[in-house]
Amino acid sequence: MNIFKYDEVYYSSIYDQNFAKSQDQYLEDYFLGKDSGFSKRIKFLMKYITQIKFNDVLDLGCGVGTFALLLAKSGKSSVGLDISKESIDSCK
C-alpha cells in the first residue's frame, strides 16, 4: 500500500507561477471564444455552475481560482481555500 504525503511544499511546487500563468491563458482563450482542450473542462463546469441555486459558494481546494472565476462570471460569489500559497497568490 502506498501512502501519499501531500503537503504545502508539494502543492506549492506543483502549482507554481508557471502553472498559474498557463491556467490564466486557458481562461482568457475561453472567454475570447478560442477553442482549446481546456474549453471542454470549462463547458463541463459551466453546465453545473448554472444549476447551483446558492449565490455564495465555498470552493475547497480552489487551485488557481478557475471555478471561482466561472462562478463570478455567472453572478455568484465564492470563497476559495487552498493549501498552496502560490495558487492563492494567483487567485488574487
# chains A, B, ... in the order shown; residues from 1 in each chain; ligands from 1
>>> residues_around(residues="stretch 27-32 of chain A", least_positions_apart="2", cutoff="10 Å", atoms="only C-alpha atoms", output="list in words")
Lys21, Ser22, Gln23, Asp24, Gln25, Lys34, Asp35, Ser36, Gly37, Phe38, Ser39, Lys40, Ile42, Lys43, Thr66, Leu69, Leu70 and Lys73 of chain A
>>> write_last_selection(atoms="C-alpha atoms", output="tab-separated table (two decimals), in the first residue's frame")
chain	number	residue	atom	x	y	z
A	21	LYS	CA	0.09	31.62	-15.97
A	22	SER	CA	-0.90	28.70	-18.19
A	23	GLN	CA	-4.30	28.49	-16.46
A	24	ASP	CA	-4.78	32.24	-16.89
A	25	GLN	CA	-4.07	31.88	-20.61
A	34	LYS	CA	-10.82	30.43	-28.74
A	35	ASP	CA	-11.19	26.68	-28.69
A	36	SER	CA	-8.70	24.66	-26.70
A	37	GLY	CA	-8.67	21.37	-24.82
A	38	PHE	CA	-9.35	23.44	-21.72
A	39	SER	CA	-12.63	24.66	-23.22
A	40	LYS	CA	-14.20	21.24	-22.70
A	42	ILE	CA	-14.86	24.95	-18.73
A	43	LYS	CA	-18.04	23.99	-20.60
A	66	THR	CA	-10.73	28.67	-12.17
A	69	LEU	CA	-13.78	32.98	-11.83
A	70	LEU	CA	-16.50	30.97	-13.53
A	73	LYS	CA	-18.95	35.22	-14.41
>>> select_by_dssp(residues="chain A", states="helix (DSSP H, G or I)", output="PyMOL selection string")
chain A and resi 8-14+17-31+37-49+66-73+85-91
>>> residues_around(residues="stretch 46-52 of chain A", least_positions_apart="5", cutoff="9 Å", atoms="only C-alpha atoms", output="ChimeraX atom specification")
/A:41,57,67,70-71,74
>>> closest_residue(among="A:Leu58, A:Leu81, A:Leu45, A:Val64", to="A:Asn18", atoms="only C-alpha atoms")
A:Val64
>>> atom_distance(atom1="atom CA of A:Lys76", atom2="atom CA of A:Ser12")
27.6 Å
>>> closest_residue(among="A:Ser90, A:Ser78, A:Asn55, A:Ser84", to="A:Asp7", atoms="only C-alpha atoms")
A:Ser84
>>> atom_distance(atom1="atom CA of A:Ser77", atom2="atom CA of A:Asp56")
5.0 Å
>>> select_by_dssp(residues="chain A", states="strand (DSSP E)", output="PyMOL selection string")
chain A and resi 56-60+77-81
>>> atom_distance(atom1="atom CA of A:Gln17", atom2="atom CA of A:Gly75")
27.4 Å
